[in-house]
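Notes follow once the structure below has been shown.
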Amino acid sequence: MDITSAKHRIHTLSAELEQHNYNYYVLDKPTISDYEFDKLLEELIDLEKKYPELALPNSPTQRVGGQVTKEFKAVQHKYAMLSLSNSYSVEDMLDFDRRVREGLGLTGNTLFGNAVDYVCELKFDGLSIGLTYVDGELVQAVTRGDGVQGDDVTTNVKTIRSIPLKLKGNYPKEFEIRGEIFLPHKAFEAINKEREDIGEPPLANPRNAASGTMKMQDSGVVAKRKLDCYLYHMLGDQVPHQKHYDNVMAAKSWGFKISEHTTLCHGIDEVLKYIEHWDKARYKLPFDIDGIVIKVNDYRQQQNLGFTAKSPRWAMAYKFKAEQVSTELQSISYQVGRTGAITPVANLKPVLLAGTTVKRASLHNADIIEKLDVRIGDHVYVEKGGEIIPKIVGVDLSKRPAHAHKTKYITHCPECGTELIRHEGEAQHYCPNEDGCAPQVKGKMEHFVARKAMNIDSLGSETIEQLYDAGLLKNIADIYDLQKEQLLPLDRMAEKSAQNLIDGIESSKQVPFERVLFAIGIRHVGETTAKKIARKVKSIDVLMHSTTGQLLEIDEVGEIIAKSIHAYFSDPHHKKVIQRLRAKGLQFELSESQQQAGTEKLKGLTFVISGVFNKHSREQYKEMIELNGGKNSGSISGKTSYVLAGENMGPEKLKKAQSLGVKLINEDEFLSLLN
Ligand code: IVH
């Protein structure tokens with residue numbers, strides 16, 4: 001492709017991808033599949049690599065992140081970022097309306113044209129952000145900070161797919177728009193699941209998680225966290241309308257995500273109805289809100305009302321009370337997580353709270369129990385706040401039964417009886433018996449076989465449970481000793497599924513070292529860290545014998561991880577398990593191809609792999625292609641450079657390759673491309 005056509009293609013692709021981002025993340029109406037989207041994105045990434053000088057500053061490729069910001073630049077806000085006054089009751093709201101009308105000289109009966117037009121909005125519970133657009137391009141994103149100056153987090157913000165990098169329609173030349181960045185419940189739960197998986201304490205609530213994410217230095221990690229953003233406030237000399245509602249609707253037409261629940265209300269009675277509705281309906285939203293924001297719609301009226309030192313007189317936040325009920329605490333049970341963390345759980349007399357019956361609530365840890373002095377038999381206050389699981393916030397001491405004993409936290413594991421430990425500075429108790437405590441052992445195995453680890457999907461958690469109970473699986477190495485005959489007597493295990501399982505176990509032996517390293521479950525070693533370690537040390541032997549100093553040289557490895565790696569390998573049980581896995585043929589070092597990684601020999605080439613191979617597995621070939629700068633694709637098209645064809649290549653693929661004139665090469669020819 002010559003440079004002119006490349007330029008043209010880069011423009012078309014960028015525009016198309018932004019439109020698809022908008023369809024998916026703002027409208028929630030995608031028109032192409034994820035696969036097709038990824039193909040277009042890949043094409044753009046390739047072109048930008050080839051012609052870096054042609055890459056657009058706000059290219060959709062920026063959404064993937066990858067840029068690291070060591071320190072965020074402090075930026076002065078052009079318009080101070082004020083906060084809102086809070087109100088908590090209908091009376092407060094009526095007072096607000098009275099003050100507004102007095103301020104505007106509309107003191108007569110509201111039935112006679114004295115009612116004010118208000119805009120009601122959800123009060124999103126996240127962190128505020130100011131976005132500046134010049135000529136339709138996002139140029140800067142700044143956090144609130146102290147209201148006068150904030151941090152420039154533009155690279156991180158560009159990874160949020162619902163924030164347009166380029167506007168459409170008839171937008172002003174320059175303006176600022178403010179809104180709230182937040183984590184939807186689903187994204188929040190996914191982050192905590194991943195944290196649990198590698199033995200890290202869960203994040204307290206979506207708001208903290210969102211603001212923690214915005215402070216991260218690696219925008220690649222931010223991109224994976226699936227933040228979202230609603231916009232609600234326009235600033236600038238050239239905004240098109242004199243009314244707030246009209247301006248946010250205009251912003252919607254330029255591509256911003258404006259909540260569909262933003263509503264124009266005539267007079268305070270309509271406002272109160274809106275509040276009443278959302279006080280209940282908020283629990284059905286897929287994200288947290290902590291109240292409602294009411295704004296005077298007309299800018300001239302806003303101007304007349306003006307500001308106090310801290311907040312506008314023309315707006316008010318109505319904060320929801322966290323719904324609270326009191327009920328009896330019947331007992332406390334203790335759950336053992338897969339990493340050995342103990343969570344105390346309150347078993348309650350069932351009670352209705354925020355539309356659902358609550359029977360259990362989290363008690364978090366020993367400190368909280370101590371602080372609240374919760375006792376069995378107490379009447380406790382249960383609240384549903386920002387967190388998804390209800391929590392106990394206090395005790396009604398007036399109802400405490402005379403005989404209630406002070407709660408003694410357990411000292412031994414409820415599952416295996418081992419004495420619990422508590423690491424310095426941590427709130428949680430742990431059961432240290434990681435290789436003998438049932439939920440921990442089963443949890444380790446579930447992690448080991450997971451898709452991102454050894455990918456033995458035929459071994460589900462129910463089968464693990466059965467095999468564990470039958471005494472056939474005591475640790476991850478036992479998986480490779482399983483025989484088909486042992487499986488057949490299990491519940492719901494037919495000949496075919498048994499064979500599938502055995503085959504799945506067998507092919508997992510080809511899983512590359514980095515994933516094996518993730519699979520064995522060293523505390524704090526997640527997927528990315530495992531990859532970085534594997535690439536650096538190249539084999540488990542080197543890793544086992546690395547000093548702390550050597551470990552700390554690896555990207556992403558700090559004191560905690562280094563310590564955890566040492567602890568893992570100094571355990572004789574782990575050494576034995578690794579020895580057994582190695583004897584079974586698992587990959588404990590980088591493959592030859594990975595060792596010579598990092599060449600650009602296949603740069604610009606796209607491969608489709610088809611058929612069965614003798615010298616290396618498909619997985620290995622895929623990896624070699626990537627490591628040498630090439631691309632893998634699932635289907636043959638005009639852009640395919642080669643089909644790497646093994647035995648029994650599918651006839652459809654063969655036909656397609658021939659009709660498009662794509663060259664077929666065999667294993668040896670492929671390997672000679674590399675040498
Ligand atoms: S308007 C001068 N609208 O709540 C007007 N704020 O307690 C400034 N917030 O700092 C804000 N949803 O971070 C506005 N629909 C909404 C909001 C909202 C959430 C946050 C925002 C603000 C804080 C004020």
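Chain labels run A, B, ... following the order of the structure tokens; each chain numbers its residues from 1, and ligands are numbered from 1 in the order shown.
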
Considering only C-alpha atoms and all ligand atoms, tabulate each residue of chain A that lies at most 9 Å from ligand 1 along with its nearest interatomic pair and the corresponding distance in Å to one decimal; arrange the rows by chain and ascending residue number and present them as CSV.
residue,atom,partner,partner_atom_place_in_ligand_line,distance
A:Ala80,CA,ligand 1,2 (C),9.0
A:Met81,CA,ligand 1,8 (C),6.9
A:Leu82,CA,ligand 1,2 (C),5.3
A:Ser83,CA,ligand 1,24 (C),4.2
A:Leu84,CA,ligand 1,24 (C),4.5
A:Ser85,CA,ligand 1,7 (O),7.0
A:Asn86,CA,ligand 1,7 (O),7.3
A:Cys120,CA,ligand 1,15 (N),7.9
A:Glu121,CA,ligand 1,15 (N),4.8
A:Leu122,CA,ligand 1,15 (N),5.2
A:Lys123,CA,ligand 1,12 (N),3.4
A:Phe124,CA,ligand 1,19 (C),4.1
A:Asp125,CA,ligand 1,19 (C),5.9
A:Gly126,CA,ligand 1,13 (O),6.8
A:Leu127,CA,ligand 1,13 (O),5.5
A:Ser128,CA,ligand 1,13 (O),4.0
A:Ile129,CA,ligand 1,13 (O),7.5
A:Arg144,CA,ligand 1,10 (O),7.6
A:Gly147,CA,ligand 1,10 (O),8.9
A:Arg178,CA,ligand 1,11 (C),7.8
A:Gly179,CA,ligand 1,17 (C),6.8
A:Glu180,CA,ligand 1,13 (O),5.8
A:Ile181,CA,ligand 1,13 (O),8.7
A:Tyr230,CA,ligand 1,15 (N),8.2
A:Leu231,CA,ligand 1,15 (N),7.6
A:Tyr232,CA,ligand 1,15 (N),5.3
A:His233,CA,ligand 1,1 (S),6.1
A:Ser259,CA,ligand 1,15 (N),8.8
A:Thr262,CA,ligand 1,15 (N),8.2
A:Ile289,CA,ligand 1,19 (C),7.8
A:Asp290,CA,ligand 1,19 (C),8.2
A:Gly291,CA,ligand 1,12 (N),8.0
A:Ile292,CA,ligand 1,15 (N),7.2
A:Val293,CA,ligand 1,15 (N),5.4
A:Ile294,CA,ligand 1,3 (N),7.9
A:Lys295,CA,ligand 1,1 (S),7.9
A:Ser311,CA,ligand 1,2 (C),6.5
A:Pro312,CA,ligand 1,2 (C),5.9
A:Trp314,CA,ligand 1,2 (C),8.6
A:Ala315,CA,ligand 1,5 (C),6.9
A:Met316,CA,ligand 1,7 (O),8.6
A:Ala317,CA,ligand 1,7 (O),6.6

Could you please take those selected residues and save C-alpha atoms as a PDB file, in the first residue's frame?
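That gives us part-v7.pdb:
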ATOM      1  CA  ALA A  80     -13.260  25.952  39.491  1.00  0.00           C
ATOM      2  CA  MET A  81     -14.731  22.503  40.101  1.00  0.00           C
ATOM      3  CA  LEU A  82     -17.289  23.203  42.780  1.00  0.00           C
ATOM      4  CA  SER A  83     -19.290  20.722  44.743  1.00  0.00           C
ATOM      5  CA  LEU A  84     -22.983  20.731  45.598  1.00  0.00           C
ATOM      6  CA  SER A  85     -24.874  21.388  48.813  1.00  0.00           C
ATOM      7  CA  ASN A  86     -26.554  18.316  50.163  1.00  0.00           C
ATOM      8  CA  CYS A 120     -33.280  16.224  37.593  1.00  0.00           C
ATOM      9  CA  GLU A 121     -30.337  13.903  37.148  1.00  0.00           C
ATOM     10  CA  LEU A 122     -28.962  10.822  38.802  1.00  0.00           C
ATOM     11  CA  LYS A 123     -26.084  11.499  41.158  1.00  0.00           C
ATOM     12  CA  PHE A 124     -23.498   9.045  39.893  1.00  0.00           C
ATOM     13  CA  ASP A 125     -21.203   7.677  42.551  1.00  0.00           C
ATOM     14  CA  GLY A 126     -17.742   7.840  41.049  1.00  0.00           C
ATOM     15  CA  LEU A 127     -15.117  10.507  40.484  1.00  0.00           C
ATOM     16  CA  SER A 128     -15.650  13.762  38.646  1.00  0.00           C
ATOM     17  CA  ILE A 129     -13.749  14.558  35.502  1.00  0.00           C
ATOM     18  CA  ARG A 144     -11.244  17.329  40.413  1.00  0.00           C
ATOM     19  CA  GLY A 147     -11.309  21.961  42.912  1.00  0.00           C
ATOM     20  CA  ARG A 178     -17.840  17.531  33.084  1.00  0.00           C
ATOM     21  CA  GLY A 179     -19.120  14.223  34.231  1.00  0.00           C
ATOM     22  CA  GLU A 180     -18.556  11.233  36.406  1.00  0.00           C
ATOM     23  CA  ILE A 181     -16.323   8.234  35.786  1.00  0.00           C
ATOM     24  CA  TYR A 230     -21.795   9.904  32.088  1.00  0.00           C
ATOM     25  CA  LEU A 231     -21.504  13.618  31.306  1.00  0.00           C
ATOM     26  CA  TYR A 232     -23.703  16.255  32.945  1.00  0.00           C
ATOM     27  CA  HIS A 233     -22.289  19.759  32.846  1.00  0.00           C
ATOM     28  CA  SER A 259     -28.113   9.499  30.985  1.00  0.00           C
ATOM     29  CA  THR A 262     -32.017  13.106  32.859  1.00  0.00           C
ATOM     30  CA  ILE A 289     -25.915   6.300  42.516  1.00  0.00           C
ATOM     31  CA  ASP A 290     -25.941   8.022  45.879  1.00  0.00           C
ATOM     32  CA  GLY A 291     -28.652  10.558  45.216  1.00  0.00           C
ATOM     33  CA  ILE A 292     -30.327  12.902  42.755  1.00  0.00           C
ATOM     34  CA  VAL A 293     -29.019  16.228  41.498  1.00  0.00           C
ATOM     35  CA  ILE A 294     -31.471  19.085  40.868  1.00  0.00           C
ATOM     36  CA  LYS A 295     -30.406  22.018  38.719  1.00  0.00           C
ATOM     37  CA  SER A 311     -21.345  25.663  45.692  1.00  0.00           C
ATOM     38  CA  PRO A 312     -23.924  27.014  43.274  1.00  0.00           C
ATOM     39  CA  TRP A 314     -28.994  26.994  41.611  1.00  0.00           C
ATOM     40  CA  ALA A 315     -28.299  23.307  42.264  1.00  0.00           C
ATOM     41  CA  MET A 316     -28.755  20.843  45.080  1.00  0.00           C
ATOM     42  CA  ALA A 317     -27.878  17.212  45.702  1.00  0.00           C
TER      43      ALA A 317
END

Which residues, written as a PDB file with N, CA, C and O atoms, in the first residue's frame, have at least one atom at most 10 Å from Glu556 of chain A, with only C-alpha atoms counted and residues fewer than 4 positions away on the same chain left out?
ATOM      1  N   VAL A 525       0.719 -13.639  42.237  1.00  0.00           N
ATOM      2  CA  VAL A 525       1.238 -13.717  40.864  1.00  0.00           C
ATOM      3  C   VAL A 525       0.077 -13.918  39.898  1.00  0.00           C
ATOM      4  O   VAL A 525      -0.424 -15.015  39.717  1.00  0.00           O
ATOM      5  N   THR A 528      -0.550 -11.402  34.172  1.00  0.00           N
ATOM      6  CA  THR A 528       0.455 -10.538  33.546  1.00  0.00           C
ATOM      7  C   THR A 528       1.809 -10.679  34.233  1.00  0.00           C
ATOM      8  O   THR A 528       2.843 -10.744  33.568  1.00  0.00           O
ATOM      9  N   THR A 529       1.777 -10.741  35.560  1.00  0.00           N
ATOM     10  CA  THR A 529       3.043 -10.881  36.289  1.00  0.00           C
ATOM     11  C   THR A 529       3.720 -12.192  35.889  1.00  0.00           C
ATOM     12  O   THR A 529       4.934 -12.226  35.657  1.00  0.00           O
ATOM     13  N   ALA A 530       2.936 -13.259  35.787  1.00  0.00           N
ATOM     14  CA  ALA A 530       3.509 -14.560  35.418  1.00  0.00           C
ATOM     15  C   ALA A 530       4.191 -14.464  34.057  1.00  0.00           C
ATOM     16  O   ALA A 530       5.283 -14.998  33.846  1.00  0.00           O
ATOM     17  N   LYS A 532       5.464 -11.792  32.634  1.00  0.00           N
ATOM     18  CA  LYS A 532       6.696 -11.003  32.721  1.00  0.00           C
ATOM     19  C   LYS A 532       7.818 -11.816  33.370  1.00  0.00           C
ATOM     20  O   LYS A 532       8.962 -11.763  32.931  1.00  0.00           O
ATOM     21  N   ILE A 533       7.465 -12.560  34.407  1.00  0.00           N
ATOM     22  CA  ILE A 533       8.482 -13.369  35.085  1.00  0.00           C
ATOM     23  C   ILE A 533       9.017 -14.431  34.131  1.00  0.00           C
ATOM     24  O   ILE A 533      10.227 -14.611  33.982  1.00  0.00           O
ATOM     25  N   LEU A 551      14.851 -11.001  41.622  1.00  0.00           N
ATOM     26  CA  LEU A 551      13.401 -10.963  41.381  1.00  0.00           C
ATOM     27  C   LEU A 551      12.907  -9.526  41.249  1.00  0.00           C
ATOM     28  O   LEU A 551      12.068  -9.210  40.412  1.00  0.00           O
ATOM     29  N   LEU A 552      13.471  -8.661  42.077  1.00  0.00           N
ATOM     30  CA  LEU A 552      13.010  -7.268  42.068  1.00  0.00           C
ATOM     31  C   LEU A 552      13.345  -6.541  40.770  1.00  0.00           C
ATOM     32  O   LEU A 552      12.762  -5.510  40.459  1.00  0.00           O
ATOM     33  N   ILE A 561       5.543  -9.538  46.109  1.00  0.00           N
ATOM     34  CA  ILE A 561       5.547 -10.666  45.171  1.00  0.00           C
ATOM     35  C   ILE A 561       6.829 -11.487  45.337  1.00  0.00           C
ATOM     36  O   ILE A 561       6.799 -12.723  45.360  1.00  0.00           O
TER      37      ILE A 561
END

Show me, as a Markdown table, the residues of segment 23-126 of chain A having an atom within 10 Å of segment 242-245 of chain A, each with the closest atom pair and its distance in Å, using only C-alpha atoms.
| residue | atom | partner | partner_atom | distance |
| --- | --- | --- | --- | --- |
| A:Asp117 | CA | A:Lys243 | CA | 10.0 |
| A:Tyr118 | CA | A:Tyr245 | CA | 8.9 |
| A:Val119 | CA | A:Tyr245 | CA | 6.6 |
| A:Cys120 | CA | A:Tyr245 | CA | 9.5 |

Near-Lys536 of chain A list (9 Å; only C-alpha atoms; drop same-chain fewer than 4 positions) as a short mmCIF file (atom, residue, chain, number, x, y, z; two decimals) with N, CA, C and O atoms, in the first residue's frame:
data_model
loop_
_atom_site.label_atom_id
_atom_site.label_comp_id
_atom_site.auth_asym_id
_atom_site.auth_seq_id
_atom_site.Cartn_x
_atom_site.Cartn_y
_atom_site.Cartn_z
N LYS A 531 3.54 -13.76 33.14
CA LYS A 531 4.11 -13.62 31.80
C LYS A 531 5.45 -12.89 31.88
O LYS A 531 6.43 -13.31 31.29
N LYS A 532 5.46 -11.79 32.63
CA LYS A 532 6.70 -11.00 32.72
C LYS A 532 7.82 -11.82 33.37
O LYS A 532 8.96 -11.76 32.93
N ILE A 554 12.66 -7.68 37.94
CA ILE A 554 11.62 -7.98 36.96
C ILE A 554 10.51 -6.94 37.07
O ILE A 554 10.09 -6.59 38.16
N ASP A 555 10.07 -6.49 35.91
CA ASP A 555 8.95 -5.57 35.81
C ASP A 555 7.78 -6.11 36.62
O ASP A 555 7.48 -7.30 36.53
#

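Residue neighbourhood of Ile560 of chain A, excluding near-sequence residues (fewer than 5 positions): Gly199, Glu200, Ile522, Arg523, His524, Val525, Thr548, Leu551, Leu552, Ile565, His566 and Ala567 of chain A, at 12 Å, using only C-alpha atoms.
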
Would you output that residue set with all heavy atoms, as a CSV table (one decimal), in the first residue's frame?
chain,number,residue,atom,x,y,z
A,199,GLY,N,-5.2,-14.0,45.5
A,199,GLY,CA,-5.0,-13.8,47.0
A,199,GLY,C,-4.8,-12.4,47.4
A,199,GLY,O,-4.1,-12.1,48.4
A,200,GLU,N,-5.5,-11.5,46.7
A,200,GLU,CA,-5.4,-10.1,47.1
A,200,GLU,C,-6.8,-9.7,47.7
A,200,GLU,O,-7.8,-10.1,47.3
A,200,GLU,CB,-5.0,-9.2,46.0
A,200,GLU,CG,-3.6,-9.3,45.8
A,200,GLU,CD,-3.0,-8.6,44.6
A,200,GLU,OE1,-3.7,-7.8,44.0
A,200,GLU,OE2,-1.8,-8.8,44.3
A,522,ILE,N,0.9,-19.2,42.7
A,522,ILE,CA,1.7,-18.5,43.7
A,522,ILE,C,1.0,-17.2,44.1
A,522,ILE,O,0.5,-16.5,43.2
A,522,ILE,CB,3.1,-18.1,43.1
A,522,ILE,CG1,3.8,-19.3,42.5
A,522,ILE,CG2,4.0,-17.4,44.1
A,522,ILE,CD1,5.1,-19.0,41.8
A,523,ARG,N,0.8,-17.0,45.4
A,523,ARG,CA,0.0,-15.9,45.8
A,523,ARG,C,0.5,-14.5,45.2
A,523,ARG,O,1.8,-14.4,45.1
A,523,ARG,CB,0.1,-15.8,47.4
A,523,ARG,CG,-1.1,-15.0,47.9
A,523,ARG,CD,-1.2,-15.2,49.4
A,523,ARG,NE,-2.1,-14.2,49.9
A,523,ARG,CZ,-2.0,-13.5,51.1
A,523,ARG,NH1,-1.1,-13.9,51.9
A,523,ARG,NH2,-2.9,-12.6,51.4
A,524,HIS,N,-0.3,-13.7,44.8
A,524,HIS,CA,0.0,-12.4,44.2
A,524,HIS,C,0.5,-12.4,42.8
A,524,HIS,O,0.8,-11.4,42.2
A,524,HIS,CB,0.9,-11.5,45.0
A,524,HIS,CG,0.5,-11.3,46.4
A,524,HIS,ND1,-0.7,-10.7,46.7
A,524,HIS,CD2,1.1,-11.6,47.6
A,524,HIS,CE1,-0.8,-10.6,48.1
A,524,HIS,NE2,0.2,-11.2,48.6
A,525,VAL,N,0.7,-13.6,42.2
A,525,VAL,CA,1.2,-13.7,40.9
A,525,VAL,C,0.1,-13.9,39.9
A,525,VAL,O,-0.4,-15.0,39.7
A,525,VAL,CB,2.3,-14.8,40.7
A,525,VAL,CG1,2.7,-15.0,39.3
A,525,VAL,CG2,3.5,-14.5,41.6
A,548,THR,N,16.2,-12.4,46.0
A,548,THR,CA,15.2,-11.4,46.0
A,548,THR,C,15.7,-10.2,45.1
A,548,THR,O,14.9,-9.7,44.4
A,548,THR,CB,15.1,-10.8,47.5
A,548,THR,OG1,14.8,-12.0,48.3
A,548,THR,CG2,13.9,-9.9,47.6
A,551,LEU,N,14.9,-11.0,41.6
A,551,LEU,CA,13.4,-11.0,41.4
A,551,LEU,C,12.9,-9.5,41.2
A,551,LEU,O,12.1,-9.2,40.4
A,551,LEU,CB,12.6,-11.7,42.5
A,551,LEU,CG,12.8,-13.2,42.6
A,551,LEU,CD1,12.1,-13.7,43.8
A,551,LEU,CD2,12.2,-13.9,41.4
A,552,LEU,N,13.5,-8.7,42.1
A,552,LEU,CA,13.0,-7.3,42.1
A,552,LEU,C,13.3,-6.5,40.8
A,552,LEU,O,12.8,-5.5,40.5
A,552,LEU,CB,13.6,-6.5,43.3
A,552,LEU,CG,13.0,-6.9,44.6
A,552,LEU,CD1,13.8,-6.2,45.8
A,552,LEU,CD2,11.5,-6.6,44.7
A,565,ILE,N,7.0,-15.4,46.2
A,565,ILE,CA,7.7,-16.4,45.3
A,565,ILE,C,8.6,-17.3,46.2
A,565,ILE,O,8.7,-18.5,46.1
A,565,ILE,CB,8.4,-15.8,44.2
A,565,ILE,CG1,7.4,-15.1,43.2
A,565,ILE,CG2,9.3,-16.8,43.4
A,565,ILE,CD1,8.0,-14.3,42.1
A,566,HIS,N,9.4,-16.6,47.0
A,566,HIS,CA,10.3,-17.3,47.9
A,566,HIS,C,9.6,-18.3,48.8
A,566,HIS,O,10.0,-19.5,48.9
A,566,HIS,CB,11.1,-16.3,48.8
A,566,HIS,CG,12.4,-15.9,48.1
A,566,HIS,ND1,13.4,-16.8,47.9
A,566,HIS,CD2,12.8,-14.7,47.7
A,566,HIS,CE1,14.4,-16.2,47.3
A,566,HIS,NE2,14.1,-14.9,47.1
A,567,ALA,N,8.5,-17.8,49.4
A,567,ALA,CA,7.8,-18.7,50.3
A,567,ALA,C,7.2,-19.9,49.6
A,567,ALA,O,7.3,-21.0,50.1
A,567,ALA,CB,6.6,-17.9,50.9

Query raised in the report: What is the distance between atom CA of Asp97 of chain A and atom CA of Ile268 of chain A, in Å to one decimal?
Result: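 Separating atom CA of Asp97 of chain A from atom CA of Ile268 of chain A is a distance of 6.5 Å.
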
Query raised in the report: Which of these, A:Lys391, A:Lys563, A:His185, A:His405, has the shortest distance to Phe287 of chain A once you count only C-alpha atoms?
Result: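 When distances to Phe287 of chain A are compared using only C-alpha atoms, the smallest one comes from A:His185.
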